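Data file: start27.pdb. Format and content: PDB, C-alpha atoms.
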ATOM      1  CA  MET A   1     101.769  69.685  16.804
ATOM      2  CA  LYS A   2      99.607  72.597  17.861
ATOM      3  CA  GLY A   3      95.953  72.104  18.716
ATOM      4  CA  PRO A   4      93.095  74.604  18.281
ATOM      5  CA  LEU A   5      92.782  77.477  20.774
ATOM      6  CA  PHE A   6      90.340  77.310  23.659
ATOM      7  CA  TYR A   7      89.378  80.524  25.395
ATOM      8  CA  SER A   8      88.917  81.571  28.983
ATOM      9  CA  LYS A   9      85.435  82.395  30.256
ATOM     10  CA  ILE A  10      83.762  84.765  32.640
ATOM     11  CA  LEU A  11      80.719  83.807  34.654
ATOM     12  CA  LEU A  12      79.076  87.235  34.716
ATOM     13  CA  PHE A  13      76.343  86.111  37.105
ATOM     14  CA  GLY A  14      75.599  82.923  38.982
ATOM     15  CA  GLU A  15      78.698  82.083  41.055
ATOM     16  CA  TYR A  16      77.572  79.917  44.007
ATOM     17  CA  GLY A  17      73.922  80.506  43.076
ATOM     18  CA  ILE A  18      73.985  77.978  40.245
ATOM     19  CA  ILE A  19      74.870  75.286  42.784
ATOM     20  CA  LYS A  20      71.379  75.964  44.141
ATOM     21  CA  ASP A  21      69.596  76.504  40.817
ATOM     22  CA  SER A  22      69.843  80.242  40.304
ATOM     23  CA  LYS A  23      70.132  81.564  36.785
ATOM     24  CA  GLY A  24      73.618  82.155  35.422
ATOM     25  CA  LEU A  25      75.266  83.768  32.431
ATOM     26  CA  SER A  26      78.684  82.767  31.224
ATOM     27  CA  ILE A  27      80.548  84.420  28.337
ATOM     28  CA  PRO A  28      83.770  83.479  26.499
ATOM     29  CA  TYR A  29      86.644  85.878  27.161
ATOM     30  CA  ASN A  30      89.035  85.819  24.215
ATOM     31  CA  PHE A  31      91.772  87.792  25.920
ATOM     32  CA  TYR A  32      93.213  84.540  27.329
ATOM     33  CA  ASN A  33      93.505  81.165  25.649
ATOM     34  CA  GLY A  34      95.296  77.837  25.656
ATOM     35  CA  ALA A  35      96.198  75.026  23.261
ATOM     36  CA  LEU A  36      97.773  71.571  23.430
ATOM     37  CA  LYS A  37     101.357  71.558  22.137
ATOM     38  CA  LYS A  38     104.251  69.138  21.882
ATOM     39  CA  ASP A  39     107.910  69.928  22.337
ATOM     40  CA  LYS A  40     111.123  67.968  22.821
ATOM     41  CA  ASN A  41     112.679  70.561  25.132
ATOM     42  CA  LEU A  42     110.180  71.480  27.809
ATOM     43  CA  SER A  43     110.437  74.542  30.045
ATOM     44  CA  ASP A  44     109.823  73.979  33.766
ATOM     45  CA  GLN A  45     106.291  75.234  33.370
ATOM     46  CA  ALA A  46     105.627  72.898  30.425
ATOM     47  CA  LYS A  47     107.130  69.992  32.427
ATOM     48  CA  ALA A  48     104.693  70.674  35.264
ATOM     49  CA  SER A  49     101.818  70.770  32.767
ATOM     50  CA  ASN A  50     103.017  67.513  31.181
ATOM     51  CA  ALA A  51     103.144  65.799  34.591
ATOM     52  CA  SER A  52      99.665  67.077  35.410
ATOM     53  CA  LEU A  53      98.385  65.740  32.065
ATOM     54  CA  LYS A  54      99.828  62.333  32.967
ATOM     55  CA  ARG A  55      97.764  62.276  36.185
ATOM     56  CA  PHE A  56      94.721  63.556  34.293
ATOM     57  CA  ALA A  57      95.050  60.765  31.692
ATOM     58  CA  GLU A  58      95.159  58.222  34.514
ATOM     59  CA  TYR A  59      91.961  59.740  35.949
ATOM     60  CA  LEU A  60      90.235  59.724  32.534
ATOM     61  CA  SER A  61      90.998  56.049  32.025
ATOM     62  CA  ASN A  62      88.749  55.311  35.031
ATOM     63  CA  ILE A  63      85.931  57.711  34.163
ATOM     64  CA  ASN A  64      82.334  56.463  33.766
ATOM     65  CA  LYS A  65      82.455  54.621  30.404
ATOM     66  CA  ASP A  66      78.698  55.012  29.842
ATOM     67  CA  LEU A  67      79.194  58.752  29.813
ATOM     68  CA  VAL A  68      82.307  59.093  27.658
ATOM     69  CA  THR A  69      85.333  57.109  26.469
ATOM     70  CA  PHE A  70      88.705  58.408  25.306
ATOM     71  CA  ASP A  71      91.510  57.198  23.123
ATOM     72  CA  ILE A  72      93.737  56.848  26.197
ATOM     73  CA  GLU A  73      96.488  55.131  24.219
ATOM     74  CA  ALA A  74      96.897  58.102  21.864
ATOM     75  CA  LEU A  75      96.680  60.500  24.815
ATOM     76  CA  ASN A  76      99.412  58.701  26.758
ATOM     77  CA  GLN A  77     101.569  58.453  23.656
ATOM     78  CA  ASP A  78     101.337  62.210  23.096
ATOM     79  CA  ILE A  79     102.099  62.888  26.771
ATOM     80  CA  ASP A  80     105.198  60.655  26.526
ATOM     81  CA  GLN A  81     106.272  62.712  23.515
ATOM     82  CA  GLY A  82     106.194  65.914  25.553
ATOM     83  CA  MET A  83     102.640  67.200  25.178
ATOM     84  CA  PHE A  84     101.617  70.057  27.478
ATOM     85  CA  PHE A  85      98.885  72.696  27.680
ATOM     86  CA  ASP A  86     100.320  76.009  26.576
ATOM     87  CA  SER A  87      98.090  78.601  28.173
ATOM     88  CA  SER A  88      97.987  82.323  28.868
ATOM     89  CA  ILE A  89      94.976  81.799  31.168
ATOM     90  CA  PRO A  90      95.986  82.676  34.729
ATOM     91  CA  GLN A  91      95.350  79.840  37.180
ATOM     92  CA  GLY A  92      93.263  80.490  40.286
ATOM     93  CA  TYR A  93      91.807  83.676  38.808
ATOM     94  CA  GLY A  94      88.244  82.552  38.165
ATOM     95  CA  VAL A  95      88.492  82.713  34.381
ATOM     96  CA  GLY A  96      88.463  78.990  33.670
ATOM     97  CA  SER A  97      92.030  77.767  33.222
ATOM     98  CA  SER A  98      91.132  74.123  33.860
ATOM     99  CA  GLY A  99      87.971  74.509  31.751
ATOM    100  CA  ALA A 100      89.981  75.327  28.636
ATOM    101  CA  LEU A 101      92.267  72.345  29.215
ATOM    102  CA  VAL A 102      89.299  69.989  29.678
ATOM    103  CA  ALA A 103      87.733  71.303  26.450
ATOM    104  CA  ALA A 104      91.003  70.782  24.549
ATOM    105  CA  ILE A 105      91.408  67.173  25.773
ATOM    106  CA  TYR A 106      87.777  66.302  25.008
ATOM    107  CA  ASP A 107      88.076  67.850  21.556
ATOM    108  CA  LYS A 108      91.165  65.834  20.648
ATOM    109  CA  TYR A 109      90.714  62.485  22.395
ATOM    110  CA  ALA A 110      87.021  61.806  23.088
ATOM    111  CA  ASP A 111      85.403  58.977  21.133
ATOM    112  CA  GLU A 112      82.147  59.902  19.364
ATOM    113  CA  LYS A 113      82.397  63.501  20.500
ATOM    114  CA  ILE A 114      79.564  65.974  20.201
ATOM    115  CA  THR A 115      80.871  68.669  17.870
ATOM    116  CA  VAL A 116      80.197  72.374  17.880
ATOM    117  CA  LEU A 117      78.946  72.189  14.307
ATOM    118  CA  GLU A 118      75.975  69.928  14.910
ATOM    119  CA  ASN A 119      72.551  71.061  16.034
ATOM    120  CA  LEU A 120      73.086  71.590  19.748
ATOM    121  CA  THR A 121      69.835  70.434  21.310
ATOM    122  CA  ARG A 122      69.269  70.901  25.036
ATOM    123  CA  ASP A 123      69.945  67.178  25.545
ATOM    124  CA  LYS A 124      73.313  67.441  23.812
ATOM    125  CA  LEU A 125      74.252  70.500  25.865
ATOM    126  CA  LEU A 126      73.297  68.702  29.083
ATOM    127  CA  LYS A 127      75.254  65.637  28.034
ATOM    128  CA  LEU A 128      78.338  67.768  27.288
ATOM    129  CA  LYS A 129      77.917  69.540  30.610
ATOM    130  CA  ALA A 130      77.712  66.180  32.437
ATOM    131  CA  ILE A 131      80.852  64.907  30.650
ATOM    132  CA  PHE A 132      82.755  68.107  31.397
ATOM    133  CA  SER A 133      81.593  68.107  35.005
ATOM    134  CA  GLU A 134      82.988  64.607  35.455
ATOM    135  CA  MET A 135      86.252  65.504  33.697
ATOM    136  CA  GLU A 136      86.838  68.778  35.522
ATOM    137  CA  SER A 137      86.158  67.227  38.931
ATOM    138  CA  PHE A 138      89.759  66.015  38.689
ATOM    139  CA  PHE A 139      90.857  69.627  39.260
ATOM    140  CA  HIS A 140      88.233  70.991  41.638
ATOM    141  CA  GLY A 141      86.683  68.141  43.589
ATOM    142  CA  LYS A 142      83.248  69.225  42.317
ATOM    143  CA  SER A 143      82.603  70.987  39.033
ATOM    144  CA  SER A 144      79.433  72.160  37.318
ATOM    145  CA  GLY A 145      81.027  71.511  33.919
ATOM    146  CA  LEU A 146      80.102  75.009  32.739
ATOM    147  CA  ASP A 147      83.610  76.404  32.298
ATOM    148  CA  PRO A 148      84.712  73.709  29.837
ATOM    149  CA  LEU A 149      81.327  73.916  28.089
ATOM    150  CA  ASN A 150      81.797  77.615  27.537
ATOM    151  CA  SER A 151      85.353  77.154  26.369
ATOM    152  CA  TYR A 152      84.422  74.272  24.056
ATOM    153  CA  LEU A 153      81.508  76.066  22.380
ATOM    154  CA  SER A 154      82.924  79.607  22.521
ATOM    155  CA  LEU A 155      79.357  80.874  22.918
ATOM    156  CA  PRO A 156      77.582  82.707  25.745
ATOM    157  CA  ILE A 157      75.647  80.204  27.823
ATOM    158  CA  LEU A 158      72.455  80.965  29.701
ATOM    159  CA  ILE A 159      71.815  78.754  32.693
ATOM    160  CA  ASN A 160      68.109  78.718  33.519
ATOM    161  CA  SER A 161      68.505  75.916  36.037
ATOM    162  CA  LYS A 162      70.630  72.793  36.472
ATOM    163  CA  GLU A 163      68.582  70.916  33.903
ATOM    164  CA  ASN A 164      67.970  73.775  31.540
ATOM    165  CA  ILE A 165      70.855  75.449  29.749
ATOM    166  CA  GLU A 166      71.042  77.030  26.313
ATOM    167  CA  ALA A 167      73.477  78.803  24.062
ATOM    168  CA  THR A 168      72.345  82.403  23.893
ATOM    169  CA  GLY A 169      73.055  85.732  22.241
ATOM    170  CA  ILE A 170      73.999  88.774  24.293
ATOM    171  CA  PRO A 171      73.301  92.404  23.381
ATOM    172  CA  THR A 172      75.954  93.919  21.114
ATOM    173  CA  GLN A 173      78.480  96.014  22.967
ATOM    174  CA  SER A 174      78.134  99.738  22.741
ATOM    175  CA  THR A 175      81.232 101.413  21.349
ATOM    176  CA  ASP A 176      80.407 104.833  22.696
ATOM    177  CA  GLY A 177      78.719 103.865  25.962
ATOM    178  CA  LYS A 178      80.108 105.057  29.294
ATOM    179  CA  GLY A 179      79.331 101.927  31.323
ATOM    180  CA  ALA A 180      81.506  98.811  31.498
ATOM    181  CA  VAL A 181      82.007  95.423  33.053
ATOM    182  CA  PHE A 182      85.639  95.066  34.066
ATOM    183  CA  LEU A 183      88.060  92.726  35.815
ATOM    184  CA  LEU A 184      90.081  93.957  38.765
ATOM    185  CA  ASP A 185      93.256  92.003  39.476
ATOM    186  CA  SER A 186      93.418  91.224  43.209
ATOM    187  CA  GLY A 187      97.028  90.118  42.843
ATOM    188  CA  VAL A 188      96.269  87.029  44.950
ATOM    189  CA  VAL A 189      95.734  83.517  43.611
ATOM    190  CA  GLY A 190      92.416  82.017  44.704
ATOM    191  CA  GLU A 191      91.841  78.349  45.470
ATOM    192  CA  THR A 192      88.425  77.059  44.390
ATOM    193  CA  ALA A 193      88.083  74.010  46.660
ATOM    194  CA  PRO A 194      88.451  75.762  50.083
ATOM    195  CA  MET A 195      85.988  78.488  49.036
ATOM    196  CA  VAL A 196      83.410  75.937  47.930
ATOM    197  CA  SER A 197      83.772  74.064  51.228
ATOM    198  CA  ILE A 198      83.175  77.283  53.218
ATOM    199  CA  PHE A 199      80.035  77.793  51.128
ATOM    200  CA  MET A 200      78.862  74.198  51.691
ATOM    201  CA  GLU A 201      79.491  74.579  55.427
ATOM    202  CA  ASN A 202      77.394  77.779  55.493
ATOM    203  CA  MET A 203      74.624  76.003  53.592
ATOM    204  CA  LYS A 204      74.027  73.893  56.718
ATOM    205  CA  GLN A 205      72.589  76.986  58.428
ATOM    206  CA  GLU A 206      68.968  77.758  57.751
ATOM    207  CA  GLY A 207      69.536  81.522  57.887
ATOM    208  CA  PHE A 208      72.186  81.322  55.183
ATOM    209  CA  ARG A 209      69.968  79.117  52.991
ATOM    210  CA  ASN A 210      67.090  81.587  53.296
ATOM    211  CA  MET A 211      69.365  84.531  52.478
ATOM    212  CA  LEU A 212      70.599  82.659  49.423
ATOM    213  CA  LYS A 213      67.082  82.071  48.152
ATOM    214  CA  ASP A 214      65.426  85.371  49.119
ATOM    215  CA  GLN A 215      68.270  87.748  48.314
ATOM    216  CA  PHE A 216      71.261  86.296  46.481
ATOM    217  CA  ILE A 217      69.379  84.187  43.936
ATOM    218  CA  LYS A 218      66.632  86.792  43.525
ATOM    219  CA  HIS A 219      69.126  89.517  42.546
ATOM    220  CA  THR A 220      71.274  87.145  40.458
ATOM    221  CA  ASP A 221      68.241  86.109  38.377
ATOM    222  CA  ALA A 222      67.205  89.742  37.948
ATOM    223  CA  CYS A 223      70.736  90.700  36.806
ATOM    224  CA  VAL A 224      70.762  87.962  34.162
ATOM    225  CA  GLU A 225      67.373  89.051  32.821
ATOM    226  CA  ASP A 226      68.347  92.742  32.800
ATOM    227  CA  PHE A 227      71.621  92.018  31.017
ATOM    228  CA  LEU A 228      70.000  89.916  28.288
ATOM    229  CA  LYS A 229      67.218  92.490  27.775
ATOM    230  CA  GLY A 230      69.737  95.317  27.729
ATOM    231  CA  ASP A 231      67.933  97.096  30.587
ATOM    232  CA  ILE A 232      71.046  98.848  31.898
ATOM    233  CA  LYS A 233      69.345 101.032  34.498
ATOM    234  CA  SER A 234      67.711  98.072  36.207
ATOM    235  CA  LEU A 235      70.922  96.027  35.800
ATOM    236  CA  PHE A 236      72.954  98.503  37.851
ATOM    237  CA  LYS A 237      70.251  98.658  40.520
ATOM    238  CA  ASN A 238      70.255  94.876  40.868
ATOM    239  CA  THR A 239      74.049  94.598  40.653
ATOM    240  CA  LYS A 240      74.317  97.029  43.563
ATOM    241  CA  GLN A 241      71.959  94.845  45.633
ATOM    242  CA  LEU A 242      73.925  91.746  44.682
ATOM    243  CA  SER A 243      77.213  93.417  45.616
ATOM    244  CA  LYS A 244      75.733  94.341  49.005
ATOM    245  CA  VAL A 245      74.502  90.790  49.685
ATOM    246  CA  VAL A 246      77.913  89.359  48.790
ATOM    247  CA  PHE A 247      79.638  91.898  51.039
ATOM    248  CA  ASN A 248      77.387  91.015  53.979
ATOM    249  CA  HIS A 249      77.249  87.246  53.594
ATOM    250  CA  PHE A 250      80.282  86.106  51.579
ATOM    251  CA  LYS A 251      83.046  87.963  53.434
ATOM    252  CA  PRO A 252      85.484  84.988  53.537
ATOM    253  CA  MET A 253      85.415  84.882  49.714
ATOM    254  CA  ILE A 254      86.526  88.521  49.453
ATOM    255  CA  PRO A 255      90.268  89.025  50.092
ATOM    256  CA  ALA A 256      90.516  91.090  53.307
ATOM    257  CA  GLN A 257      92.403  93.948  51.674
ATOM    258  CA  PHE A 258      89.418  94.569  49.353
ATOM    259  CA  HIS A 259      86.706  94.917  52.004
ATOM    260  CA  GLU A 260      87.095  98.706  52.196
ATOM    261  CA  LEU A 261      87.236  99.096  48.419
ATOM    262  CA  TRP A 262      84.070  96.995  48.059
ATOM    263  CA  LYS A 263      82.237  99.156  50.599
ATOM    264  CA  LYS A 264      83.445 102.375  48.964
ATOM    265  CA  GLY A 265      81.919 101.357  45.638
ATOM    266  CA  LEU A 266      78.552 100.801  47.312
ATOM    267  CA  GLU A 267      78.744 104.196  49.029
ATOM    268  CA  THR A 268      79.878 106.281  46.032
ATOM    269  CA  ASN A 269      78.039 104.329  43.283
ATOM    270  CA  ASP A 270      81.150 104.728  41.104
ATOM    271  CA  TYR A 271      81.430 100.948  40.737
ATOM    272  CA  TYR A 272      79.970  97.755  42.208
ATOM    273  CA  LEU A 273      82.146  94.720  42.828
ATOM    274  CA  LYS A 274      81.159  91.073  42.755
ATOM    275  CA  LEU A 275      82.905  87.713  42.873
ATOM    276  CA  CYS A 276      84.379  86.312  39.686
ATOM    277  CA  GLY A 277      84.300  82.544  40.081
ATOM    278  CA  SER A 278      84.650  81.245  43.621
ATOM    279  CA  GLY A 279      86.508  84.275  45.000
ATOM    280  CA  GLY A 280      89.279  84.114  47.588
ATOM    281  CA  GLY A 281      91.575  85.935  45.174
ATOM    282  CA  GLY A 282      92.082  86.039  41.435
ATOM    283  CA  TYR A 283      89.915  88.518  39.602
ATOM    284  CA  ILE A 284      87.089  90.525  41.086
ATOM    285  CA  LEU A 285      84.349  91.516  38.661
ATOM    286  CA  GLY A 286      83.323  95.167  38.542
ATOM    287  CA  PHE A 287      80.328  96.965  37.057
ATOM    288  CA  ALA A 288      80.574 100.698  36.446
ATOM    289  CA  PRO A 289      77.825 103.044  35.203
ATOM    290  CA  ASP A 290      80.641 105.399  34.191
ATOM    291  CA  PHE A 291      83.934 103.584  33.640
ATOM    292  CA  LYS A 292      86.018 106.779  33.705
ATOM    293  CA  LYS A 293      84.864 107.456  37.267
ATOM    294  CA  ALA A 294      85.585 103.871  38.299
ATOM    295  CA  GLU A 295      89.025 104.070  36.729
ATOM    296  CA  GLU A 296      89.780 107.209  38.709
ATOM    297  CA  ALA A 297      88.520 105.648  41.957
ATOM    298  CA  LEU A 298      90.505 102.453  41.330
ATOM    299  CA  LYS A 299      93.612 104.036  39.816
ATOM    300  CA  ASP A 300      95.950 101.966  42.019
ATOM    301  CA  TYR A 301      94.665  98.721  40.499
ATOM    302  CA  LYS A 302      94.990  96.919  37.198
ATOM    303  CA  LEU A 303      91.638  96.882  35.373
ATOM    304  CA  GLU A 304      90.627  95.096  32.167
ATOM    305  CA  VAL A 305      87.399  95.961  30.379
ATOM    306  CA  VAL A 306      85.348  92.909  29.428
ATOM    307  CA  TYR A 307      82.192  94.481  28.049
ATOM    308  CA  ASN A 308      81.008  98.021  27.211
ATOM    309  CA  PHE A 309      77.483  99.318  27.765
TER     310      PHE A 309
END

Entire entry expressed as structure tokens:
Amino acid sequence: MKGPLFYSKILLFGEYGIIKDSKGLSIPYNFYNGALKKDKNLSDQAKASNASLKRFAEYLSNINKDLVTFDIEALNQDIDQGMFFDSSIPQGYGVGSSGALVAAIYDKYADEKITVLENLTRDKLLKLKAIFSEMESFFHGKSSGLDPLNSYLSLPILINSKENIEATGIPTQSTDGKGAVFLLDSGVVGETAPMVSIFMENMKQEGFRNMLKDQFIKHTDACVEDFLKGDIKSLFKNTKQLSKVVFNHFKPMIPAQFHELWKKGLETNDYYLKLCGSGGGGYILGFAPDFKKAEEALKDYKLEVVYNF
């Protein structure tokens, strides 16, 4: 048995903001993927995945039945026969490792599933998002459901607000452009839950809430609009502002050894860094008006280009 592939995702804009209704833009990232597989002789890694699937199946058997039901019997049977999630998606890196797994399980075991081939109305997208949010909460404590949605549909998703999401098109990449969006490997695994609780704690302060609304969300929304319109000049201006706000107000989410690097990008304008996912480690997202310059400035780090301008 080998199931279909589900890809990783990158939330280009909207981390933390979408919790408070900012815009967001999430794109599939085909470099990493995962699929359900069965094997008689499991490696240690596959054994760990199999055990985790067992706990997940238990959780799914108690999920809100009005929202979604699963063929739990078939799922448990497959788990007993050595099913695991075979994935190249790094965990704790902000590229949606649990999202791809959730999408794969929904695709194979959900009753009356909404398929990618039907006309995806806003109501269907919101229903899928609600199902995925409930499913993925098993891994994160609280999930927006966007990562699995992206992985399941393999389409860019525009988040206008919590209640308004749509599949969208993004401008075609430029093959000869100098600018790029890239991933920088921090070399540290990030944990989502502790980062989200720091954020929620900060949200209790009025000053932080105001900053979120007046600066963070304002620049996030502008970045999404610029990106979709293909207004690169304005995009870099807004990304720089966003990078600055994150540096000043989201310090705990930036691994300490990257504080100087972050600041240097803002000073030289060679690159601007932002969080990829919840931060705390994993990947850091970079935007460079001239990727060659950024590469030179960051030559000690592993970079992966995600999108060319």

Within 9 Å of Leu75 (chain A) using only C-alpha atoms, minus same-chain residues under 6 positions, as a PyMOL selection string: chain A and resi 54+57+83+105+108-109

I need the chosen residues saved as an mmCIF file, in the coordinates of the input, with C-alpha atoms.
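Result file follows (again-v1.cif):
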data_model
loop_
_atom_site.group_PDB
_atom_site.id
_atom_site.type_symbol
_atom_site.label_atom_id
_atom_site.label_comp_id
_atom_site.auth_asym_id
_atom_site.auth_seq_id
_atom_site.Cartn_x
_atom_site.Cartn_y
_atom_site.Cartn_z
ATOM 1 C CA LYS A 54 99.828 62.333 32.967
ATOM 2 C CA ALA A 57 95.050 60.765 31.692
ATOM 3 C CA MET A 83 102.640 67.200 25.178
ATOM 4 C CA ILE A 105 91.408 67.173 25.773
ATOM 5 C CA LYS A 108 91.165 65.834 20.648
ATOM 6 C CA TYR A 109 90.714 62.485 22.395
#

Counting all atoms listed in the file, the residue of A:Val306, A:Ala222, A:Val188, A:Leu235 that sits nearest Pro255 (chain A): A:Val188

Tell me which protein, DNA and RNA residues are within 10 Å of Asn269 (chain A), counting only C-alpha atoms, leaving out same-chain ones fewer than 6 positions away, and put them as a PyMOL selection string. chain A and resi 236+240+263+287-290+293-294

Sorted by chain and rising residue number, which residues of region 24-88 of chain A lie within 6 Å of region 151-160 of chain A, and what are their closest atom pairs and distances in Å to one decimal, counting only C-alpha atoms, as JSON lines?
{"residue": "A:Gly24", "atom": "CA", "partner": "A:Ile159", "partner_atom": "CA", "distance": 4.7}
{"residue": "A:Leu25", "atom": "CA", "partner": "A:Leu158", "partner_atom": "CA", "distance": 4.8}
{"residue": "A:Ser26", "atom": "CA", "partner": "A:Ile157", "partner_atom": "CA", "distance": 5.2}
{"residue": "A:Ile27", "atom": "CA", "partner": "A:Pro156", "partner_atom": "CA", "distance": 4.3}
{"residue": "A:Pro28", "atom": "CA", "partner": "A:Ser154", "partner_atom": "CA", "distance": 5.6}

Quick one: apply the PyMOL selection byres ((chain A and resi 59) around 12) to the file and drop the selected residues here as a PyMOL selection string. chain A and resi 52-58+60-64+69-70+72+76+134-139

Please output region 96-103 of chain A, rebuilt to include all heavy atoms, as a tab-separated table (two decimals), in the coordinates of the input.
chain	number	residue	atom	x	y	z
A	96	GLY	N	88.63	80.28	34.34
A	96	GLY	CA	88.46	78.99	33.67
A	96	GLY	C	89.70	78.38	33.06
A	96	GLY	O	89.67	77.91	31.93
A	97	SER	N	90.82	78.36	33.81
A	97	SER	CA	92.03	77.77	33.22
A	97	SER	C	91.88	76.26	33.04
A	97	SER	O	92.25	75.72	32.00
A	97	SER	CB	93.25	78.08	34.09
A	97	SER	OG	93.03	77.69	35.43
A	98	SER	N	91.29	75.58	34.02
A	98	SER	CA	91.13	74.12	33.86
A	98	SER	C	90.03	73.81	32.85
A	98	SER	O	90.06	72.80	32.17
A	98	SER	CB	90.83	73.44	35.20
A	98	SER	OG	89.68	73.99	35.80
A	99	GLY	N	89.06	74.71	32.71
A	99	GLY	CA	87.97	74.51	31.75
A	99	GLY	C	88.48	74.44	30.32
A	99	GLY	O	88.06	73.60	29.52
A	100	ALA	N	89.43	75.30	30.00
A	100	ALA	CA	89.98	75.33	28.64
A	100	ALA	C	90.78	74.05	28.36
A	100	ALA	O	90.72	73.48	27.27
A	100	ALA	CB	90.87	76.56	28.46
A	101	LEU	N	91.49	73.58	29.37
A	101	LEU	CA	92.27	72.34	29.22
A	101	LEU	C	91.33	71.15	29.00
A	101	LEU	O	91.55	70.32	28.11
A	101	LEU	CB	93.13	72.12	30.46
A	101	LEU	CG	93.78	70.74	30.61
A	101	LEU	CD1	94.66	70.41	29.42
A	101	LEU	CD2	94.59	70.64	31.89
A	102	VAL	N	90.27	71.08	29.81
A	102	VAL	CA	89.30	69.99	29.68
A	102	VAL	C	88.69	70.00	28.27
A	102	VAL	O	88.56	68.96	27.62
A	102	VAL	CB	88.20	70.13	30.77
A	102	VAL	CG1	87.00	69.25	30.45
A	102	VAL	CG2	88.76	69.76	32.14
A	103	ALA	N	88.33	71.18	27.79
A	103	ALA	CA	87.73	71.30	26.45
A	103	ALA	C	88.71	70.81	25.38
A	103	ALA	O	88.34	70.10	24.45
A	103	ALA	CB	87.34	72.75	26.18
